[in-house]
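Quick look at work_32.cif (mmCIF, C-alpha atoms):
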```cif
data_run
loop_
_atom_site.label_atom_id
_atom_site.label_comp_id
_atom_site.auth_asym_id
_atom_site.auth_seq_id
_atom_site.Cartn_x
_atom_site.Cartn_y
_atom_site.Cartn_z
CA MET A 1 -25.49 -24.81 25.56
CA ALA A 2 -25.36 -28.29 24.13
CA VAL A 3 -22.99 -30.97 22.91
CA THR A 4 -24.00 -33.80 20.59
CA ILE A 5 -21.87 -36.72 19.38
CA TYR A 6 -23.14 -38.35 16.19
CA PRO A 7 -22.12 -41.99 15.52
CA ASP A 8 -23.60 -41.72 12.01
CA SER A 9 -23.64 -39.14 9.24
CA PHE A 10 -25.42 -35.93 10.24
CA ASP A 11 -26.65 -32.81 8.49
CA PRO A 12 -25.09 -29.82 10.29
CA TRP A 13 -27.58 -27.33 8.82
CA GLN A 14 -30.53 -29.39 9.98
CA ALA A 15 -28.94 -29.83 13.43
CA LEU A 16 -28.33 -26.08 13.59
CA GLN A 17 -31.92 -25.28 12.65
CA GLN A 18 -33.32 -27.80 15.14
CA HIS A 19 -31.13 -26.46 17.93
CA GLN A 20 -32.07 -22.87 17.18
CA ASP A 21 -35.79 -23.63 16.94
CA SER A 22 -35.85 -25.57 20.21
CA ARG A 23 -33.41 -23.55 22.35
CA LEU A 24 -33.44 -19.95 21.20
CA GLN A 25 -36.07 -17.27 21.32
CA SER A 26 -36.61 -15.40 18.08
CA GLY A 27 -35.70 -11.72 18.37
CA LYS A 28 -33.33 -12.22 21.32
CA PHE A 29 -30.19 -12.67 19.22
CA GLY A 30 -28.79 -10.62 16.39
CA ALA A 31 -25.80 -12.72 15.39
CA THR A 32 -25.26 -16.39 14.64
CA ALA A 33 -21.73 -17.53 13.81
CA THR A 34 -21.19 -21.08 12.59
CA PHE A 35 -18.27 -23.25 11.59
CA VAL A 36 -18.63 -26.54 9.74
CA GLY A 37 -15.64 -28.83 9.25
CA THR A 38 -15.87 -31.35 6.40
CA MET A 39 -13.66 -34.30 5.54
CA ARG A 40 -11.17 -33.74 2.70
CA ASP A 41 -10.07 -36.40 0.22
CA PHE A 42 -6.43 -35.38 0.61
CA ASN A 43 -4.03 -34.85 3.50
CA GLU A 44 -0.31 -34.16 3.68
CA GLY A 45 0.07 -34.73 -0.05
CA ASP A 46 -1.78 -38.07 -0.16
CA ASP A 47 -5.19 -39.10 -1.45
CA VAL A 48 -7.44 -40.19 1.40
CA GLN A 49 -10.42 -42.49 0.80
CA GLY A 50 -11.85 -42.67 4.30
CA MET A 51 -11.29 -42.05 7.97
CA THR A 52 -12.32 -43.39 11.36
CA LEU A 53 -12.93 -40.93 14.18
CA GLU A 54 -12.38 -42.31 17.65
CA HIS A 55 -13.34 -40.61 20.89
CA TYR A 56 -13.27 -41.16 24.66
CA PRO A 57 -16.94 -41.53 25.60
CA GLY A 58 -17.60 -39.44 28.69
CA MET A 59 -14.43 -37.39 28.64
CA THR A 60 -15.08 -36.06 25.15
CA GLU A 61 -18.50 -34.75 26.14
CA SER A 62 -17.24 -33.28 29.43
CA GLN A 63 -14.30 -31.54 27.74
CA LEU A 64 -16.61 -30.02 25.14
CA GLN A 65 -18.97 -28.87 27.88
CA LEU A 66 -16.02 -27.29 29.73
CA ILE A 67 -14.96 -25.23 26.72
CA ILE A 68 -18.58 -24.21 26.13
CA ASP A 69 -18.76 -23.04 29.75
CA GLU A 70 -15.47 -21.19 29.32
CA ALA A 71 -16.78 -19.38 26.24
CA ALA A 72 -19.97 -18.46 28.09
CA GLN A 73 -17.86 -16.81 30.80
CA GLN A 74 -15.78 -14.84 28.31
CA TRP A 75 -18.46 -13.62 25.91
CA PRO A 76 -22.10 -12.55 26.27
CA LEU A 77 -23.64 -15.51 24.43
CA GLU A 78 -27.30 -16.37 24.14
CA ASP A 79 -26.33 -19.95 23.40
CA SER A 80 -23.72 -22.20 21.81
CA PHE A 81 -23.78 -25.66 20.28
CA ILE A 82 -21.11 -28.21 19.33
CA ALA A 83 -21.87 -31.31 17.26
CA HIS A 84 -19.14 -33.79 16.32
CA ARG A 85 -19.12 -36.96 14.29
CA VAL A 86 -17.46 -40.23 15.35
CA GLY A 87 -17.02 -43.59 13.60
CA PRO A 88 -16.27 -44.33 9.93
CA ILE A 89 -16.51 -41.25 7.74
CA LEU A 90 -16.08 -40.50 4.03
CA PRO A 91 -14.71 -37.47 2.15
CA GLY A 92 -17.35 -34.77 1.82
CA GLU A 93 -19.12 -35.72 5.04
CA PRO A 94 -19.36 -33.17 7.84
CA ILE A 95 -17.13 -33.77 10.89
CA VAL A 96 -17.95 -30.89 13.20
CA LEU A 97 -20.40 -28.05 13.72
CA VAL A 98 -19.78 -25.15 16.09
CA ALA A 99 -22.43 -22.45 16.44
CA CYS A 100 -22.71 -19.39 18.69
CA TRP A 101 -25.62 -17.00 19.13
CA SER A 102 -25.22 -13.54 20.57
CA ALA A 103 -26.81 -10.10 20.48
CA HIS A 104 -23.95 -8.76 18.37
CA ARG A 105 -21.48 -10.22 15.89
CA ALA A 106 -18.23 -9.65 17.81
CA ALA A 107 -19.05 -12.13 20.57
CA ALA A 108 -20.55 -14.66 18.14
CA PHE A 109 -17.52 -14.60 15.79
CA ASP A 110 -14.91 -14.64 18.55
CA ALA A 111 -16.58 -17.32 20.66
CA CYS A 112 -17.12 -19.55 17.63
CA ARG A 113 -13.42 -19.29 16.76
CA PHE A 114 -12.44 -19.94 20.36
CA LEU A 115 -14.66 -23.03 20.62
CA MET A 116 -13.30 -24.51 17.41
CA GLU A 117 -9.65 -23.99 18.36
CA ALA A 118 -10.23 -25.24 21.92
CA LEU A 119 -11.99 -28.34 20.57
CA LYS A 120 -9.03 -29.01 18.28
CA SER A 121 -6.54 -28.91 21.13
CA LYS A 122 -8.50 -30.27 24.10
CA ALA A 123 -11.31 -32.63 23.12
CA PRO A 124 -10.29 -36.31 22.92
CA PHE A 125 -10.91 -37.26 19.30
CA TRP A 126 -8.45 -39.09 17.06
CA LYS A 127 -8.44 -39.61 13.30
CA LYS A 128 -7.18 -42.65 11.47
CA GLU A 129 -6.99 -42.23 7.72
CA THR A 130 -7.24 -44.85 5.01
CA LEU A 131 -5.18 -43.83 1.98
CA ALA A 132 -5.82 -44.67 -1.67
CA ASP A 133 -3.62 -47.79 -1.45
CA ASN A 134 -5.67 -49.03 1.58
CA SER A 135 -2.85 -48.38 4.03
CA GLN A 136 -3.87 -46.70 7.28
CA ARG A 137 -2.22 -44.07 9.44
CA TRP A 138 -3.09 -42.03 12.52
CA VAL A 139 -3.27 -38.30 12.00
CA GLU A 140 -0.61 -36.99 14.36
CA LYS A 141 -1.11 -33.25 14.36
CA ASN A 142 -3.65 -30.59 13.60
CA THR A 143 -3.00 -27.79 11.16
CA ASP A 144 -2.55 -24.27 12.48
CA GLY A 145 -6.00 -22.74 12.87
CA TYR A 146 -4.88 -19.20 12.23
CA SER A 147 -3.96 -17.73 8.87
CA HIS A 148 -0.80 -15.69 8.65
CA PRO A 149 -1.09 -13.09 5.91
CA PRO A 150 2.20 -11.77 4.49
CA ALA A 151 3.50 -8.78 6.45
CA MET B 1 -7.18 -51.13 45.39
CA ALA B 2 -8.83 -51.35 41.98
CA VAL B 3 -8.02 -49.08 39.05
CA LYS B 4 -9.57 -49.08 35.58
CA VAL B 5 -7.08 -48.36 32.80
CA LYS B 6 -8.01 -47.26 29.27
CA PHE B 7 -5.97 -46.74 26.11
CA PHE B 8 -7.10 -44.91 23.00
CA ALA B 9 -6.07 -44.59 19.36
CA SER B 10 -2.37 -45.29 18.65
CA MET B 11 -1.77 -45.96 22.36
CA ARG B 12 -4.25 -48.85 22.21
CA GLU B 13 -2.36 -50.31 19.27
CA TYR B 14 1.02 -49.71 20.92
CA LEU B 15 0.02 -51.80 23.95
CA ASN B 16 -2.45 -54.00 22.09
CA GLN B 17 -5.20 -53.47 24.66
CA SER B 18 -8.03 -51.03 25.13
CA GLU B 19 -9.22 -51.45 28.68
CA LEU B 20 -8.38 -53.47 31.77
CA ASP B 21 -8.90 -53.53 35.52
CA ILE B 22 -5.80 -53.78 37.65
CA SER B 23 -5.23 -54.06 41.34
CA VAL B 24 -2.51 -52.04 43.02
CA SER B 25 -1.27 -52.09 46.56
CA GLY B 26 -0.91 -48.80 48.39
CA ALA B 27 -0.46 -45.28 47.06
CA THR B 28 0.28 -45.03 43.37
CA THR B 29 0.64 -42.56 40.50
CA VAL B 30 -0.26 -42.35 36.84
CA ALA B 31 3.33 -43.22 35.88
CA ALA B 32 3.31 -46.28 38.17
CA VAL B 33 0.04 -47.45 36.64
CA TRP B 34 1.64 -47.18 33.19
CA GLN B 35 4.62 -49.21 34.34
CA GLN B 36 2.43 -51.91 35.83
CA VAL B 37 0.43 -52.26 32.63
CA ALA B 38 3.04 -51.56 29.95
CA GLY B 39 6.01 -53.28 31.58
CA ASP B 40 9.15 -52.52 29.61
CA LYS B 41 7.42 -50.41 26.99
CA PRO B 42 8.28 -46.75 27.63
CA MET B 43 5.55 -44.13 27.70
CA PRO B 44 5.84 -42.19 24.41
CA GLU B 45 7.01 -38.63 24.93
CA ASN B 46 3.80 -36.94 23.79
CA THR B 47 1.43 -39.20 25.76
CA VAL B 48 -1.58 -37.48 27.31
CA CYS B 49 -2.72 -38.93 30.65
CA ALA B 50 -6.10 -38.51 32.32
CA VAL B 51 -7.47 -39.46 35.72
CA ASN B 52 -11.23 -39.70 36.00
CA GLN B 53 -11.52 -38.07 32.58
CA THR B 54 -9.50 -34.99 33.50
CA GLN B 55 -6.00 -34.45 32.12
CA ALA B 56 -3.31 -35.25 34.70
CA LYS B 57 0.47 -35.31 34.89
CA PRO B 58 2.40 -38.60 35.32
CA ASP B 59 3.09 -37.87 39.00
CA PHE B 60 -0.61 -37.36 39.76
CA ALA B 61 -1.90 -39.59 42.59
CA VAL B 62 -4.25 -42.45 41.70
CA ASN B 63 -6.81 -43.67 44.21
CA ASP B 64 -9.07 -46.66 44.63
CA GLY B 65 -11.78 -46.74 41.97
CA ASP B 66 -10.07 -44.23 39.68
CA GLU B 67 -10.13 -44.44 35.90
CA VAL B 68 -6.74 -43.77 34.31
CA ALA B 69 -6.41 -43.20 30.57
CA PHE B 70 -3.49 -42.84 28.17
CA PHE B 71 -3.76 -41.46 24.67
CA PRO B 72 -1.86 -39.53 21.98
CA PRO B 73 -2.35 -35.79 21.27
CA VAL B 74 -5.90 -35.15 20.07
CA THR B 75 -6.73 -34.56 16.40
CA GLY B 76 -10.47 -33.93 16.23
CA GLY B 77 -12.49 -31.27 14.47
#
```
Mind turning the file's structure into structure tokens?
Amino acid sequence: MAVTIYPDSFDPWQALQQHQDSRLQSGKFGATATFVGTMRDFNEGDDVQGMTLEHYPGMTESQLQLIIDEAAQQWPLEDSFIAHRVGPILPGEPIVLVACWSAHRAAAFDACRFLMEALKSKAPFWKKETLADNSQRWVEKNTDGYSHPPA
Amino acid sequence: MAVKVKFFASMREYLNQSELDISVSGATTVAAVWQQVAGDKPMPENTVCAVNQTQAKPDFAVNDGDEVAFFPPVTGG
């Protein structure tokens, strides 16, 4: 169970591999579910050229640890890992990595989804976008994390 | 008693300050801390408050040495 905040660009796949190699025992897990969030160059109909991610040092880490602990109580996980970027960030760069390891896929998938949605609603991070015309604005709401297929 | 107050993101810009130490006399609450620091500026409706890095309601009691924070709804991930 680990949380890492990156002040500079990070490679989520490398972080995932490093975490798995150092924390997990080969053969003990049968499912790894991962989510990687990447910065888009558009939002709410506008071109976006960059973004600054702010956080609340201390509270951000403790909130992420709380949701990791909550997931560990709800699902039989071997391990879970959250990595999140802060600071100035450009389109195409990774923002967040969530990974869960379990014996079977159900727990890994469900816990990974839970961690991502809980992070979105509870962890103190804020995004300020710079648009194509150099104006800036705070992102005020997150998109709905669940898809709603037609009935 | 001494209280540390922090503001983040749009709240920092709204009040034009990020962090300050204030002294209060007697029992106080999150809402009273806001009033002392923000004066006439009302607390925006969707403000999230935290005491010692745990989310708290405006009527939550604040004690000596506490850290009180105000910020907008979170938008990470």
Exercise. Atom CA of Pro58 of chain B to atom CA of Trp34 of chain B: how many Å, to one decimal?
Worked result: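 Between these atoms lies a distance of 8.9 Å.
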For this session: Find, counting all atoms listed in the file, the residue in A:Gly50, A:Pro12, A:Pro124, A:Pro88 that gets nearest to chain B.
Result: A:Pro124
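Residues of chain B lying within 10 Å of chain A, counting all atoms listed in the file, are B:Lys6, B:Phe7, B:Phe8, B:Ala9, B:Ser10, B:Val48, B:Ala50, B:Asn52, B:Gln53, B:Thr54, B:Gln55, B:Ala69, B:Phe71, B:Pro72, B:Pro73, B:Val74, B:Thr75, B:Gly76, B:Gly77.
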For this session: For atom CA of Asp144 of chain A and atom CA of Gln14 of chain A, determine how far apart the two atoms are, in Å to one decimal place.
Result: 28.6 Å
Exercise. Closest to Gly65 of chain B among B:Asp40, B:Glu13, B:Asp21, B:Glu45, using all atoms listed in the file?
Worked result: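 When distances to Gly65 of chain B are compared using all atoms listed in the file, the smallest one comes from B:Asp21.
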For this session: Name all residues at most 8 Å from Thr29 of chain B (count all atoms listed in the file; drop same-chain ones fewer than 6 positions away) and give them as a PyMOL selection string.
Result: chain B and resi 58-62
Just write the chosen residues, C-alpha atoms, as a PDB file, in the frame of the given file.
```
ATOM      1  CA  PRO B  58       2.400 -38.600  35.320  1.00  0.00           C
ATOM      2  CA  ASP B  59       3.090 -37.870  39.000  1.00  0.00           C
ATOM      3  CA  PHE B  60      -0.610 -37.360  39.760  1.00  0.00           C
ATOM      4  CA  ALA B  61      -1.900 -39.590  42.590  1.00  0.00           C
ATOM      5  CA  VAL B  62      -4.250 -42.450  41.700  1.00  0.00           C
TER       6      VAL B  62
END
```
For this session: Report as a VMD selection string the residues that result from applying the PyMOL selection byres ((chain B and resi 4) around 10) to the structure here.
Result: chain B and resid 2 to 3 5 to 6 19 to 23 33 51 to 52 64 to 69
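Atom CA of Leu64 of chain A sits 9.5 Å away from atom CA of Thr4 of chain A.
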What would segment 35-58 of chain A look like with N, CA, C and O atoms restored, written as a short mmCIF file (atom, residue, chain, number, x, y, z; two decimals), keeping the file's coordinate frame?
```
data_model
loop_
_atom_site.label_atom_id
_atom_site.label_comp_id
_atom_site.auth_asym_id
_atom_site.auth_seq_id
_atom_site.Cartn_x
_atom_site.Cartn_y
_atom_site.Cartn_z
N PHE A 35 -19.39 -22.63 12.29
CA PHE A 35 -18.27 -23.25 11.59
C PHE A 35 -18.64 -24.70 11.32
O PHE A 35 -19.11 -25.39 12.22
N VAL A 36 -18.43 -25.14 10.09
CA VAL A 36 -18.63 -26.54 9.74
C VAL A 36 -17.33 -27.09 9.17
O VAL A 36 -16.77 -26.51 8.25
N GLY A 37 -16.84 -28.16 9.76
CA GLY A 37 -15.64 -28.83 9.25
C GLY A 37 -16.06 -30.07 8.48
O GLY A 37 -16.89 -30.85 8.96
N THR A 38 -15.48 -30.25 7.29
CA THR A 38 -15.87 -31.35 6.40
C THR A 38 -14.64 -32.17 6.04
O THR A 38 -13.55 -31.62 5.91
N MET A 39 -14.81 -33.45 5.86
CA MET A 39 -13.66 -34.30 5.54
C MET A 39 -13.15 -34.06 4.12
O MET A 39 -13.92 -34.05 3.18
N ARG A 40 -11.83 -33.90 4.00
CA ARG A 40 -11.17 -33.74 2.70
C ARG A 40 -10.79 -35.11 2.13
O ARG A 40 -10.70 -36.09 2.88
N ASP A 41 -10.55 -35.15 0.81
CA ASP A 41 -10.07 -36.40 0.22
C ASP A 41 -8.55 -36.35 -0.01
O ASP A 41 -8.00 -37.11 -0.78
N PHE A 42 -7.90 -35.45 0.69
CA PHE A 42 -6.43 -35.38 0.61
C PHE A 42 -5.90 -34.89 1.95
O PHE A 42 -6.58 -34.19 2.69
N ASN A 43 -4.69 -35.33 2.29
CA ASN A 43 -4.03 -34.85 3.50
C ASN A 43 -2.53 -35.08 3.39
O ASN A 43 -2.10 -36.17 3.00
N GLU A 44 -1.77 -34.08 3.71
CA GLU A 44 -0.31 -34.16 3.68
C GLU A 44 0.21 -34.76 2.37
O GLU A 44 1.09 -35.62 2.36
N GLY A 45 -0.41 -34.33 1.26
CA GLY A 45 0.07 -34.73 -0.05
C GLY A 45 -0.43 -36.08 -0.54
O GLY A 45 -0.07 -36.52 -1.63
N ASP A 46 -1.28 -36.75 0.25
CA ASP A 46 -1.78 -38.07 -0.16
C ASP A 46 -3.29 -38.05 -0.36
O ASP A 46 -4.01 -37.30 0.30
N ASP A 47 -3.75 -38.92 -1.28
CA ASP A 47 -5.19 -39.10 -1.45
C ASP A 47 -5.73 -39.93 -0.29
O ASP A 47 -5.12 -40.94 0.08
N VAL A 48 -6.84 -39.49 0.27
CA VAL A 48 -7.44 -40.19 1.40
C VAL A 48 -8.83 -40.67 1.00
O VAL A 48 -9.63 -39.90 0.48
N GLN A 49 -9.11 -41.96 1.21
CA GLN A 49 -10.42 -42.49 0.80
C GLN A 49 -11.40 -42.64 1.94
O GLN A 49 -12.60 -42.83 1.71
N GLY A 50 -10.92 -42.55 3.17
CA GLY A 50 -11.85 -42.67 4.30
C GLY A 50 -11.12 -42.41 5.60
O GLY A 50 -9.89 -42.25 5.63
N MET A 51 -11.88 -42.39 6.69
CA MET A 51 -11.29 -42.05 7.97
C MET A 51 -12.17 -42.65 9.07
O MET A 51 -13.37 -42.82 8.89
N THR A 52 -11.54 -42.99 10.19
CA THR A 52 -12.32 -43.39 11.36
C THR A 52 -12.01 -42.41 12.48
O THR A 52 -10.85 -42.12 12.76
N LEU A 53 -13.07 -41.89 13.08
CA LEU A 53 -12.93 -40.93 14.18
C LEU A 53 -13.22 -41.64 15.48
O LEU A 53 -14.31 -42.16 15.69
N GLU A 54 -12.23 -41.67 16.34
CA GLU A 54 -12.38 -42.31 17.65
C GLU A 54 -12.54 -41.24 18.72
O GLU A 54 -12.01 -40.13 18.57
N HIS A 55 -13.25 -41.56 19.78
CA HIS A 55 -13.34 -40.61 20.89
C HIS A 55 -13.31 -41.35 22.22
O HIS A 55 -13.27 -42.59 22.24
N TYR A 56 -13.31 -40.60 23.30
CA TYR A 56 -13.27 -41.16 24.66
C TYR A 56 -14.64 -40.85 25.27
O TYR A 56 -14.84 -39.76 25.81
N PRO A 57 -15.58 -41.80 25.13
CA PRO A 57 -16.94 -41.53 25.60
C PRO A 57 -16.92 -41.07 27.06
O PRO A 57 -16.28 -41.69 27.90
N GLY A 58 -17.59 -40.00 27.33
CA GLY A 58 -17.60 -39.44 28.69
C GLY A 58 -16.67 -38.26 28.77
O GLY A 58 -17.10 -37.12 28.97
#
```
